[in-house]
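What follows is a set of notes on a single structure, which appears directly below.
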Amino acid sequence: MKKETILLAMLATATMASAQKEESGSTQTADSLLTTWQDSIQAVTVTGHRPMYKMKDGALITHVRNTPLAKEPTWEDILKHIPGMKQSQDGTFEVSGLGAPTIYLNDKKATSAELSHLDIKQIEDIELITTPGAQYDATTGAVLRIVMRRRDEGIFGKVQAYDKLSEVNTTNEDITLGYTNQKFSISGFYGYQDDRYNVHQPQEAIVRATDGEYLFGANRLGKNKAYANASEINFDWLLGKQHEIGAQWEGLWLSGGRSEKQSQYYHNPGEDMKYFDAESQQWAHSRQNHFNLFHLGKWSPSLSSQLYLDYVKNTDNDTQPIDETEGDEKRTTLNSSHTNYDIYSARLNIKLLLGKQHAINYGGEWSLTDGKGNTSSSSDKLGTTEYKNHDTKTAAFLQYQGSAGKLTWSAGIRYEHLTSRYTNLLDAKSNMSCTYDQWFPSFSISLNEASWHHSLNFRTTTSRPSFSQLSGNIYYISRYQYQISNPKLQAYNTYRLTYSAQWKDFYGMLRYTYIDRPIMYIQEVPEDKPVRYVSTFINYGKQQRLFAYLNWGHTFGIWRPNISLSTTYQLFKVDDQGEHINYNGLSWDASIDNYFTLPHGYQLSLSYLFEDRGKNGRTCFRPDQNWSIGANKSFLGDKLQVAISATDLFHQFIFHEKIHQHSVDFSQTEDYKLWNYKLTITWKFNKRTGRYHGENSAQEELNRL
């Protein structure tokens with residue numbers, strides 16, 4: 001069982017940077033000093049009509065400009081239609097088998113505020129890179145790169161608001177104002193969101209202890225709400241033709257929580273079934289200030305550099321009072337936690353062109369994360385913890401790329417040295433210190449034919465436990481179940497070999513993944529404590545996945561359908577306290593998106609998704625499905641847009657999970673009420689957007705918070 005938090009989707013804004021590419025039909029920012037060492041690669045094109053999707057060097061490129069996607073009202077609405085993207089239980093998006101992607105705009109990592117006020121009509125293409133090269137952090141599983149169009153001079157602005165109705169109402173309002181010219185750009189943004197949704201989460205567990213078999217169950221009804229305030233101010237200044245500097249401040253203030261009522265029951269060996277009620281109020285506050293500085297230099301026609309500096313201040317406070325009533329007995333438990341983190345980071349990237357067909361990209365990164373926190377509980381089973389975290393990372397990378405005729409290739413190596421120290425201020429026996437010295441190789445080779453494109457890629461990544469998984473945090477579920485952290489968790493490595501191909505309107509992918517010591521959820525029975533079972537995280541042995549994907553899309557007059565099919569086979573076995581458990585299994589999904597372009601600028605859409613999630617790790621899922629429709633229309637020369645949509649029309653997008661372990665059989669349903677009806681209104685002063693080329697070098701450490 002996982003800890004629910006309604007702040008996760010807002011805090012976990014995944015971001016990443018990349019070099020801007022010139023492509024047929026696109027316009028590169030004229031005043032950018034960033035050069036690309038990938039310009040020599042030739043893209044695959046299909047004649048007859050412009051496809052919505054195509055391949056380039058193993059990446060899947062989704063065209064937005066002059067396609068139906070350009071009329072989607074928000075960034076989240078576009079994500080639903082990118083092949084390979086999936087929606088998770090909490091409504092956020094992830095890449096199939098790779099987790100949440102990192103996102104960047106042209107030549108820089110995107111901040112959460114920038115994604116909030118993104119102007120969809122200024123997007124040229126979106127590239128999904130499933131095997132990023134050595135220049136990316138070793139924790140990066142996949143990358144989404146958004147290619148924006150040329151900026152004009154003058155004052156610009158945009159106001160957007162949407163109202164999303166499910167069982168409860170969610171509203172969002174934001175405003176962007178700025179000015180840009182060939183030398184200078186300044187802009188500001190403010191956004192406010194009142195996000196609310198209900199959760200129905202029934203669950204049941206059979207616990208096998210030394211004194212017999214226990215049964216625990218609960219019908220959980222939660223009401224979630226979160227208030228988010230996001231602000232951003234940035235400026236970008238071109239100092240002649242050779243240098244560009246800029247600075248940015250981003251502030252994020254979040255408050256949110258869940259009020260939950262539980263009807264619980266339990267059965268002890270030899271006793272009758274008993275019942276009790278529980279009410280909890282979990283509330284969290286998060287404050288984040290992020291400062292970014294950058295310098296871009298062009299030292300010669302073939303040599304350029306990028307320097308990024310970041311500082312982040314992040315604080316979190318969490319409280320959770322729980323009242324449990326059984327007959328005349330009433331028990332109150334209060335749990336709380338507090339964290340305070342400072343992050344310092346820097347990144348230097350140097351690009352050297354070796355003629356027209358060859359280039360190298362090399363550089364280094366450094367970061368320091370220093371934090372402290374405490375957790376407390378009025379339950380004598382959990383007690384109090386005070387701790388410190390101190391992590392440092394030093395990295396260096398070298399990437400080479402070349403081309404000859406129809407072939408393009410690249411090879412890279414990345415080295416990372418990390419030290420992580422966890423200090424328990426109340427119990428020195430729990431202190432932990434880890435050092436990681438790792439090399440991460442990668443390579444790719446692509447063949448570009450007139451109508452065929454083939455690409456073979458290899459990538460090594462690592463995943464490090466989050467601070468909450470390591471640092472003694474406690475999540476109280478009931479008097480019979482707790483979730484605790486594990487400071488002994490180790491990082492795990494993932495090795496992926498991917499073959500992808502495109503022929504005309506067909507795009508396909510085959511991928512083999514090997515995961516060494518994955519971190520997964522486990523439920524244990526502590527025989528030395530009266531609590532019946534405890535949830536935590538541990539490292540397992542190995543896990544393998546075989547993945548296949550096929551996509552087809554075409555335009556028939558006013559109708560543009562797109563069909564996707566994918567399947568994953570998991571190979572995973574566990575020796576669980578002497579019991580050998582096989583979790584091998586197949587999962588698959590299928591989807592179809594339909595766009596209808598009608599006269600007078602109207603656009604309609606109809607989408608269907610069926611998912612048989614099968615087995616993922618130790619969890620087995622039941623199938624789910626999702627029907628969605630939408631319509632939009634622009635007015636006043638595209639300055640005003642009105643869009644309406646309905647998601648999960650028949651309320652079938654629900655997650656049913658079962659986990660079998662040696663000591664515990666656990667099942668639950670997670671119904672996050674993802675069905676909704678949404679109205680979005682967007683008004684733009686004009687079609688201009690601001691310019692900011694700074695890159696967030698601290699994002700990987702922010703994600704761990």
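Chain labels follow the order of the structure tokens: the first chain is A, the next B, and so on; residue numbering restarts at 1 in every chain, and ligands are counted from 1 in their shown order.
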Name the residues of segment 399-635 of chain A that come out as strand (DSSP E or B) in a backbone DSSP run; write them as an NGL selection string. :A and (399-404 or 407-424 or 432-448 or 452-463 or 474-478 or 481-484 or 492-503 or 506-516 or 519-524 or 533-539 or 542-553 or 556 or 559-571 or 573-576 or 579-582 or 585-597 or 603-612 or 615-616 or 619-621 or 624-635)
Tell me which protein, DNA and RNA residues are within 12 Å of Asp391 of chain A, counting only C-alpha atoms, leaving out same-chain ones fewer than 6 positions away, and put them as a ChimeraX atom specification. /A:341-345,366-372,417-423,432-436,464,466-467,701,704
Could you pull the residues within 7 Å of Gly157 of chain A, counting only C-alpha atoms, minus those fewer than 4 positions along the same chain, as a PyMOL selection string? chain A and resi 176-178+684-686
Trp249 of chain A: which residues within 6 Å, counting only C-alpha atoms, same-chain residues fewer than 4 positions away excluded, as a PyMOL selection string? chain A and resi 232-233+290-291
Residues from last step as file, N, CA and C atoms, as a PDB file, in the first residue's frame:
ATOM      1  N   GLU A 232       6.514  33.344 -11.365  1.00  0.00           N
ATOM      2  CA  GLU A 232       7.783  33.286 -12.093  1.00  0.00           C
ATOM      3  C   GLU A 232       8.113  34.661 -12.653  1.00  0.00           C
ATOM      4  N   ILE A 233       9.366  35.065 -12.506  1.00  0.00           N
ATOM      5  CA  ILE A 233       9.884  36.287 -13.134  1.00  0.00           C
ATOM      6  C   ILE A 233      11.216  35.927 -13.767  1.00  0.00           C
ATOM      7  N   HIS A 290      13.184  29.058  -6.022  1.00  0.00           N
ATOM      8  CA  HIS A 290      14.203  28.539  -6.928  1.00  0.00           C
ATOM      9  C   HIS A 290      14.794  29.708  -7.723  1.00  0.00           C
ATOM     10  N   PHE A 291      16.129  29.845  -7.653  1.00  0.00           N
ATOM     11  CA  PHE A 291      16.845  30.903  -8.369  1.00  0.00           C
ATOM     12  C   PHE A 291      17.774  30.255  -9.397  1.00  0.00           C
TER      13      PHE A 291
END
Do you know which residues are at most 7 Å from Ser607 of chain A counting only C-alpha atoms, after dropping those on the same chain fewer than 6 positions away, and could you put them as a VMD selection string? chain A and resid 592 to 594 627 to 629
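One finds atom CA of His390 of chain A at 13.3 Å from atom CA of Leu425 of chain A.
Across the structure, atom CA of Tyr482 of chain A and atom CA of Glu524 of chain A are spaced 10.3 Å apart.
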For Lys658 of chain A, please output as a VMD selection string all residues within 9 Å (counting only C-alpha atoms; exclusion window: fewer than 4 positions along the same chain). chain A and resid 618 to 622 665 to 669
Just write the chosen residues, C-alpha atoms, as a PDB file, in the first residue's frame.
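The resulting file, again30.pdb, is shown below:
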ATOM      1  CA  ARG A 618       4.458  -7.757  -7.304  1.00  0.00           C
ATOM      2  CA  THR A 619       1.147  -6.053  -8.114  1.00  0.00           C
ATOM      3  CA  CYS A 620      -1.545  -7.517 -10.382  1.00  0.00           C
ATOM      4  CA  PHE A 621      -4.079  -5.118 -11.954  1.00  0.00           C
ATOM      5  CA  ARG A 622      -7.520  -5.652 -13.419  1.00  0.00           C
ATOM      6  CA  ASP A 665      -2.336 -11.007   0.626  1.00  0.00           C
ATOM      7  CA  PHE A 666      -3.482  -7.463  -0.049  1.00  0.00           C
ATOM      8  CA  SER A 667      -6.142  -6.111  -2.419  1.00  0.00           C
ATOM      9  CA  GLN A 668      -7.558  -2.653  -2.959  1.00  0.00           C
ATOM     10  CA  THR A 669      -9.441  -0.473  -5.403  1.00  0.00           C
TER      11      THR A 669
END
Report as an NGL selection string all protein, DNA and RNA residues lying within 7 Å of Asn234 of chain A, evaluated on only C-alpha atoms, omitting residues in the same chain fewer than 4 positions from it. :A and (186-188 or 247-249)
Please, could you write that set of residues out with C-alpha atoms as a compact mmCIF listing (two decimals), in the first residue's frame?
# COMPACT_ATOMS: atom_id res chain seq x y z
CA ILE A 186 11.38 39.93 -19.64
CA SER A 187 8.22 38.19 -18.51
CA GLY A 188 6.20 37.33 -15.44
CA ALA A 247 18.21 35.11 -14.39
CA GLN A 248 14.99 33.58 -13.15
CA TRP A 249 13.07 33.26 -9.89
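Selecting helix (DSSP H, G or I) from the backbone DSSP output for segment 367-571 of chain A yields A:Ala428, A:Lys429, A:Ser430, A:Phe467, A:Ser468, A:Gln469, A:Leu470.
With only C-alpha atoms as the atoms that count, the minimum distance from Leu674 of chain A to the choices A:Arg65, A:Pro561, A:His660, A:Gln652 is reached by A:Gln652.
Remark: for Trp299 of chain A, the closest of the candidate residues A:Gln242, A:Thr460, A:Asn106, A:Ser446 is A:Gln242 (distances computed over only C-alpha atoms).
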Write out as CSV a residue-level contact list of segment 555-632 of chain A versus segment 636-650 of chain A with cut-off 10 Å: for each qualifying residue the closest pair of atoms and the distance in Å to one decimal, counting only C-alpha atoms, rows sorted by chain and residue number upward.
residue,atom,partner,partner_atom,distance
A:Gly601,CA,A:Asp638,CA,9.8
A:Gln603,CA,A:Ala643,CA,9.4
A:Leu604,CA,A:Ser645,CA,9.5
A:Ser605,CA,A:Ser645,CA,8.9
A:Leu606,CA,A:Ala646,CA,9.7
A:Ser607,CA,A:Thr647,CA,9.2
A:Tyr608,CA,A:Asp648,CA,9.1
A:Leu609,CA,A:Asp648,CA,9.5
A:Gln625,CA,A:Asp648,CA,7.9
A:Asn626,CA,A:Asp648,CA,4.8
A:Trp627,CA,A:Asp648,CA,5.0
A:Ser628,CA,A:Thr647,CA,4.4
A:Ile629,CA,A:Ala646,CA,5.4
A:Gly630,CA,A:Ser645,CA,4.0
A:Ala631,CA,A:Ile644,CA,5.5
A:Asn632,CA,A:Ala643,CA,4.1
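Note that the spacing between atom CA of Ile659 of chain A and atom CA of Gly217 of chain A amounts to 14.6 Å.
Ranking A:Ile563, A:Leu98, A:Ile558, A:Ile126 by their shortest atom-to-atom distance to Thr139 of chain A, with only C-alpha atoms included, puts A:Leu98 first.
Ranking A:Glu124, A:Asp505, A:Asp137, A:Glu579 by their shortest atom-to-atom distance to Trp552 of chain A, with only C-alpha atoms included, puts A:Asp505 first.
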Between A:Val143, A:Pro526, A:Thr130, A:Thr67, which one has atoms that come closest to Ser455 of chain A, using only C-alpha atoms? A:Thr130
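Shortest separation to Ile129 of chain A among A:Thr498, A:Ser231, A:Gln262, A:Thr170 occurs at residue A:Thr498, atoms counted being only C-alpha atoms.
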Per residue of segment 477-568 of chain A within 12 Å of segment 265-270 of chain A, which atom pair is closest and at what distance in Å (one decimal), using only C-alpha atoms, listed by chain and increasing number, as JSON lines?
{"residue": "A:Ser478", "atom": "CA", "partner": "A:Tyr265", "partner_atom": "CA", "distance": 11.0}
{"residue": "A:Arg479", "atom": "CA", "partner": "A:Tyr266", "partner_atom": "CA", "distance": 11.2}
{"residue": "A:Tyr480", "atom": "CA", "partner": "A:Tyr266", "partner_atom": "CA", "distance": 9.3}
{"residue": "A:Gln481", "atom": "CA", "partner": "A:Tyr266", "partner_atom": "CA", "distance": 11.8}
{"residue": "A:Arg532", "atom": "CA", "partner": "A:Asn268", "partner_atom": "CA", "distance": 10.1}
Would you save the residues from that selection as a short mmCIF file (atom, residue, chain, number, x, y, z; two decimals), in the first residue's frame, using N, CA and C atoms?
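again-v8.cif written:
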data_model
loop_
_atom_site.label_atom_id
_atom_site.label_comp_id
_atom_site.auth_asym_id
_atom_site.auth_seq_id
_atom_site.Cartn_x
_atom_site.Cartn_y
_atom_site.Cartn_z
N SER A 478 -3.67 2.75 10.25
CA SER A 478 -4.57 2.39 11.34
C SER A 478 -3.72 1.80 12.45
N ARG A 479 -4.37 1.44 13.55
CA ARG A 479 -3.62 0.85 14.66
C ARG A 479 -2.99 -0.49 14.28
N TYR A 480 -3.41 -1.04 13.12
CA TYR A 480 -2.90 -2.34 12.71
C TYR A 480 -1.94 -2.26 11.52
N GLN A 481 -1.77 -1.08 10.96
CA GLN A 481 -0.90 -0.97 9.78
C GLN A 481 -0.22 0.39 9.75
N ARG A 532 -0.07 -5.51 13.37
CA ARG A 532 -0.15 -6.75 12.61
C ARG A 532 0.73 -6.74 11.37
#
